[in-house]
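Have a look at the structure below before the remarks.
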2 protein chains.
Amino acid sequence: MATGRTHRPATRSRGIPEATVARLPLYLRALTALSERSVPTVSSEELAAAAGVNSAKLRKDFSYLGSYGTRGVGYDVEYLVYQISRELGLTQDWPVVIVGIGNLGAALANYGGFASRGFRVAALIDADPAMAGKPVAGIPVQHTDELEKIIKDNGVSIGVIATPAGAAQQVCDRLVAAGVTSILNFAPTVLSVPDGVDVRKVDLSIELQILAFHEQRKAGEETAAGDGARPAATPREESADQGPDGDVPAVMPA
Amino acid sequence: MATGRTHRPATRSRGIPEATVARLPLYLRALTALSERSVPTVSSEELAAAAGVNSAKLRKDFSYLGSYGTRGVGYDVEYLVYQISRELGLTQDWPVVIVGIGNLGAALANYGGFASRGFRVAALIDADPAMAGKPVAGIPVQHTDELEKIIKDNGVSIGVIATPAGAAQQVCDRLVAAGVTSILNFAPTVLSVPDGVDVRKVDLSIELQILAFHEQRKAGEETAAGDGARPAATPREESADQGPDGDVPAVMPA
DNA sequence: CTCTGTGAAACCCTTCACAGCG
DNA sequence: CGCTGTGAAGGGTTTCACAGAG
């Protein structure tokens with residue numbers, strides 16, 4: 001499903017749009033911050049600003065989850081945190097393995113936001129025998145030979161690939177064969193996976209290239225249009241809507 | 001879109017859709033691989049498969065760039081590599097600074113794909129005085145105090161933020177004030193920036209949460225529907241199209 | 001006859017604007 | 001009266017399907 005689609009009414013009656021799913025983590029983060037400051041309720045306007053989207057979008061998104069707000073008041077922070085967590089499946093624990101413990105893999109292993117909120121690094125795996133046994137972020141690295149056993153013993157369904165591009169597809173195949181059905185790929189390659197397996201990719205150089213495209217445009221415009229002072233004298237910034245958000249889903253049905 | 005918008009016809013007459021821009025780097029990577037294997041031409045079908053999209057989409061994307069193919073034959077690999085590079089602004093060199101040299105920042109500094117293809121790490125910046133002078137990936141780390149000077153001396157317009165969440169907005173403000181107009185944000189926060197500044201974010205925990213959402217669905221469906229064989233009896237799934245692609249742009253105009 | 005380039009249809013997502021609950 | 005929830009309108013993106021260049 002990834003895409004779900006109109007096939008059968010998909011799971012139950014709620015077909016949450018992918019674009020909405022991609023924003024739920026953003027709302028959750030903003031709500032968690034409010035929760036920590038003991039703020040009891042928020043309006044769609046305030047929460048939207050904190051999450052970097054506009055309020056209409058936020059209300060529409062929440063409408064897919066149900067009617068969790070109170071008209072004239074706003075949303076109960078704690079209640080929403082719970083509802084969104086549940087919707088995202090974060091009320092359960094997801095064991096994750098990271099394959100490829102180079103610079104990036106190690107950084108990921110050390111990343112705090114990882115462990116928090118539902119995810120637990122079950123194992124670190126690397127092909128280099130010299131790495132075996134060495135602890136990274138307090139977890140001993142295991143050799144690739146153990147991959148299948150680790151996946152099965154820990155019931156891992158989510159794998160993170162941080163290997164060089166050349167090894168990614170092979171690692172991916174082994175992960176999938178061992179039972180992993182969701183993969184977060186940091187290697188700069190297109191992975192092919194069977195139906196039913198979701199892949200999301202994070203690609204640094206692609207992001208930079210997209211920025212370069214826009215940067216180039218700006219440079220071109222300067223010459224063409226105005227100029228003079230700073231291009232952007234503007235700062236108005238309406239604040240709100242912004243954010244990098246943008247990502248539309250990407251999980252593909254494979 | 002993000003940028004541009006209908007304001008003025010935007011730059012020139014070609015308004016390349018954001019979704020297309022986001023895929024150009026993918027095509028470029030696939031083409032580069034073909035180029036290295038000295039493949040002279042490719043059909044839309046082959047190239048699409050290599051990039052993980054479907055051929056109709058690829059042809060439509062290329063149609064925004066112009067008519068670079070030959071009917072009955074396909075596309076000339078070298079020529080396309082050049083055209084896409086130019087369109088993305090990769091024929092020029094983009095100096096980039098990375099701020100926050102922790103685990104992640106160091107991993108980014110060491111990332112090869114970074115240096116290649118148009119980007120050059122002009123400086124590494126960190127707030128920790130103890131880091132100053134220490135070389136990371138062969139580049140000595142400089143203290144945050146130097147930030148403005150570094151940006152100006154090197155003509156940097158693209159900045160990468162890899163600091164803890166708490167420091168990100170402040171670093172962002174300084175980068176922007178110093179002249180940076182494109183930011184790639186790895187810190188888990190929503191940044192606010194003035195008009196004219198593009199921000200893209202890469203957020204690990206968000207990606208994982210999206211995967212968890214789908215993972216949860218799969219688990220639920222198993223119980224509910226069919227079972228037996230493969231859960232997905234469904235999908236039309238035509239194979240091809242795949243890939244993580246998905247990303248819709250995200251650069252917002254601030 | 002093959003494979004590109006592209007109108008047109010179909011979809012999905014966002015934005016608008018307001019009915020109506022509290 | 002404020003703020004949510006939501007039909008309806010408006011864009012943008014993807015897919016279809018085919019005209020037509022080579």
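Chain labels A, B, ... are given in the sequence in which chains occur in the structure tokens; within each chain residues are numbered consecutively from 1, and ligands are likewise numbered from 1 in the order shown.
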Quiz prompt | Distance query range 1-11 of chain D at most 8 Å, only C-alpha atoms (C1' of nucleotides), self and fewer than 4 positions along chain excluded, as a list in words | solution = Ser43, Arg59, Lys60, Ser63, Ser67, Gly69, Thr70, Arg71, Gly72, Val73 and Gly74 of chain A; DT14, DT15 and DC16 of chain C
Dump as a short mmCIF file (atom, residue, chain, number, x, y, z; two decimals), in the first residue's frame, selection limited to all heavy atoms:
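Output below, filename part.cif:
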```
data_model
loop_
_atom_site.label_atom_id
_atom_site.label_comp_id
_atom_site.auth_asym_id
_atom_site.auth_seq_id
_atom_site.Cartn_x
_atom_site.Cartn_y
_atom_site.Cartn_z
N SER A 43 -4.24 26.34 19.32
CA SER A 43 -5.16 26.57 18.21
C SER A 43 -4.44 26.05 16.95
O SER A 43 -3.23 25.86 16.95
CB SER A 43 -5.44 28.06 18.05
OG SER A 43 -4.26 28.75 17.67
N ARG A 59 -5.52 21.82 9.70
CA ARG A 59 -6.88 21.40 10.08
C ARG A 59 -7.37 20.29 9.16
O ARG A 59 -7.98 19.32 9.59
CB ARG A 59 -7.84 22.58 10.04
CG ARG A 59 -7.66 23.56 11.17
CD ARG A 59 -8.89 24.43 11.37
NE ARG A 59 -9.26 25.19 10.19
CZ ARG A 59 -8.71 26.32 9.81
NH1 ARG A 59 -7.74 26.85 10.54
NH2 ARG A 59 -9.11 26.94 8.73
N LYS A 60 -7.06 20.44 7.89
CA LYS A 60 -7.46 19.40 6.94
C LYS A 60 -6.76 18.08 7.29
O LYS A 60 -7.39 17.02 7.31
CB LYS A 60 -7.09 19.86 5.53
CG LYS A 60 -7.42 18.90 4.42
CD LYS A 60 -8.89 18.63 4.21
CE LYS A 60 -9.54 19.62 3.25
NZ LYS A 60 -10.97 19.29 3.00
N SER A 63 -8.35 16.51 10.16
CA SER A 63 -9.69 16.02 9.88
C SER A 63 -9.67 14.58 9.39
O SER A 63 -10.65 13.86 9.49
CB SER A 63 -10.39 16.93 8.87
OG SER A 63 -9.94 16.67 7.56
N SER A 67 -12.18 13.99 14.61
CA SER A 67 -12.44 15.32 15.15
C SER A 67 -11.88 15.42 16.56
O SER A 67 -12.55 15.17 17.53
CB SER A 67 -13.94 15.60 15.17
OG SER A 67 -14.40 15.79 13.87
N GLY A 69 -10.47 18.21 17.86
CA GLY A 69 -10.40 19.57 18.40
C GLY A 69 -11.69 20.00 19.05
O GLY A 69 -12.70 19.30 19.00
N THR A 70 -11.64 21.17 19.67
CA THR A 70 -12.85 21.72 20.28
C THR A 70 -13.07 23.09 19.67
O THR A 70 -12.22 23.97 19.80
CB THR A 70 -12.69 21.88 21.80
OG1 THR A 70 -12.29 20.62 22.35
CG2 THR A 70 -13.97 22.35 22.43
N ARG A 71 -14.17 23.28 19.01
CA ARG A 71 -14.44 24.55 18.33
C ARG A 71 -14.45 25.70 19.32
O ARG A 71 -14.99 25.58 20.41
CB ARG A 71 -15.76 24.47 17.59
CG ARG A 71 -15.69 23.46 16.47
CD ARG A 71 -17.05 23.19 15.86
NE ARG A 71 -16.98 22.04 14.98
CZ ARG A 71 -17.33 22.09 13.68
NH1 ARG A 71 -17.74 23.21 13.15
NH2 ARG A 71 -17.24 21.01 12.94
N GLY A 72 -13.86 26.74 18.93
CA GLY A 72 -13.79 27.91 19.80
C GLY A 72 -12.63 27.83 20.76
O GLY A 72 -12.27 28.80 21.41
N VAL A 73 -11.99 26.68 20.84
CA VAL A 73 -10.89 26.50 21.78
C VAL A 73 -9.58 26.09 21.11
O VAL A 73 -8.60 26.83 21.10
CB VAL A 73 -11.25 25.43 22.84
CG1 VAL A 73 -10.09 25.25 23.82
CG2 VAL A 73 -12.52 25.84 23.57
N GLY A 74 -9.59 24.93 20.50
CA GLY A 74 -8.37 24.45 19.88
C GLY A 74 -8.20 22.96 20.14
O GLY A 74 -9.18 22.23 20.27
P DT C 14 -0.33 18.99 0.39
OP1 DT C 14 1.07 19.28 0.71
OP2 DT C 14 -1.22 18.31 1.36
"O5'" DT C 14 -1.02 20.34 -0.07
"C5'" DT C 14 -0.50 21.05 -1.18
"C4'" DT C 14 -1.31 22.29 -1.42
"O4'" DT C 14 -2.64 21.94 -1.89
"C3'" DT C 14 -1.50 23.20 -0.21
"O3'" DT C 14 -1.15 24.51 -0.62
"C2'" DT C 14 -2.98 23.04 0.14
"C1'" DT C 14 -3.59 22.71 -1.21
N1 DT C 14 -4.84 21.89 -1.21
C2 DT C 14 -5.90 22.35 -1.95
O2 DT C 14 -5.89 23.39 -2.56
N3 DT C 14 -7.00 21.50 -1.94
C4 DT C 14 -7.12 20.29 -1.29
O4 DT C 14 -8.14 19.63 -1.38
C5 DT C 14 -5.95 19.89 -0.52
C7 DT C 14 -5.98 18.60 0.23
C6 DT C 14 -4.89 20.69 -0.52
P DT C 15 -1.17 25.69 0.44
OP1 DT C 15 -0.08 26.61 0.07
OP2 DT C 15 -1.25 25.11 1.79
"O5'" DT C 15 -2.53 26.41 0.11
"C5'" DT C 15 -2.78 26.80 -1.23
"C4'" DT C 15 -4.16 27.40 -1.32
"O4'" DT C 15 -5.15 26.36 -1.30
"C3'" DT C 15 -4.51 28.36 -0.18
"O3'" DT C 15 -4.97 29.57 -0.77
"C2'" DT C 15 -5.57 27.63 0.62
"C1'" DT C 15 -6.21 26.74 -0.44
N1 DT C 15 -6.83 25.49 0.06
C2 DT C 15 -8.05 25.12 -0.44
O2 DT C 15 -8.67 25.79 -1.25
N3 DT C 15 -8.54 23.93 0.04
C4 DT C 15 -7.93 23.10 0.95
O4 DT C 15 -8.47 22.05 1.30
C5 DT C 15 -6.65 23.54 1.45
C7 DT C 15 -5.92 22.72 2.45
C6 DT C 15 -6.17 24.70 0.97
P DC C 16 -5.49 30.75 0.17
OP1 DC C 16 -5.06 31.99 -0.48
OP2 DC C 16 -5.14 30.48 1.59
"O5'" DC C 16 -7.06 30.62 -0.02
"C5'" DC C 16 -7.55 30.32 -1.32
"C4'" DC C 16 -9.06 30.28 -1.32
"O4'" DC C 16 -9.53 28.97 -0.90
"C3'" DC C 16 -9.75 31.28 -0.41
"O3'" DC C 16 -10.84 31.81 -1.13
"C2'" DC C 16 -10.17 30.46 0.79
"C1'" DC C 16 -10.48 29.11 0.13
N1 DC C 16 -10.33 27.94 1.01
C2 DC C 16 -11.32 26.95 1.00
O2 DC C 16 -12.32 27.11 0.29
N3 DC C 16 -11.16 25.86 1.77
C4 DC C 16 -10.07 25.72 2.53
N4 DC C 16 -9.96 24.61 3.27
C5 DC C 16 -9.05 26.72 2.56
C6 DC C 16 -9.21 27.80 1.79
#
```
Practice problem: Can you pull out every residue within 12 Å of DA17 in chain D, counting only C-alpha atoms (C1' of nucleotides), but drop anything in the same chain fewer than 6 positions away, and send it as a ChimeraX atom specification? | Solution: /B:56 /C:6-9
Self-check item: Every residue of range 16-194 of chain B that DSSP places in helix (DSSP H, G or I), as a ChimeraX atom specification
Solution: /B:18-36,44-51,55-65,77-88,103-110,112-115,144-154,165-178
Exercise. Show me which bits of chain D are within 12 Å of chain B, counting only C-alpha atoms (C1' of nucleotides), as a ChimeraX atom specification.
Key: /D:11-17,20-22
Practice problem: Would you kindly return, as a PyMOL selection string, each protein, DNA or RNA residue with an atom no farther than 6 Å from any atom of range 209-218 of chain A, considering only C-alpha atoms (C1' of nucleotides) and excluding same-chain residues fewer than 3 positions away? | Solution: (chain A and resi 206+221) or (chain B and resi 88-89)
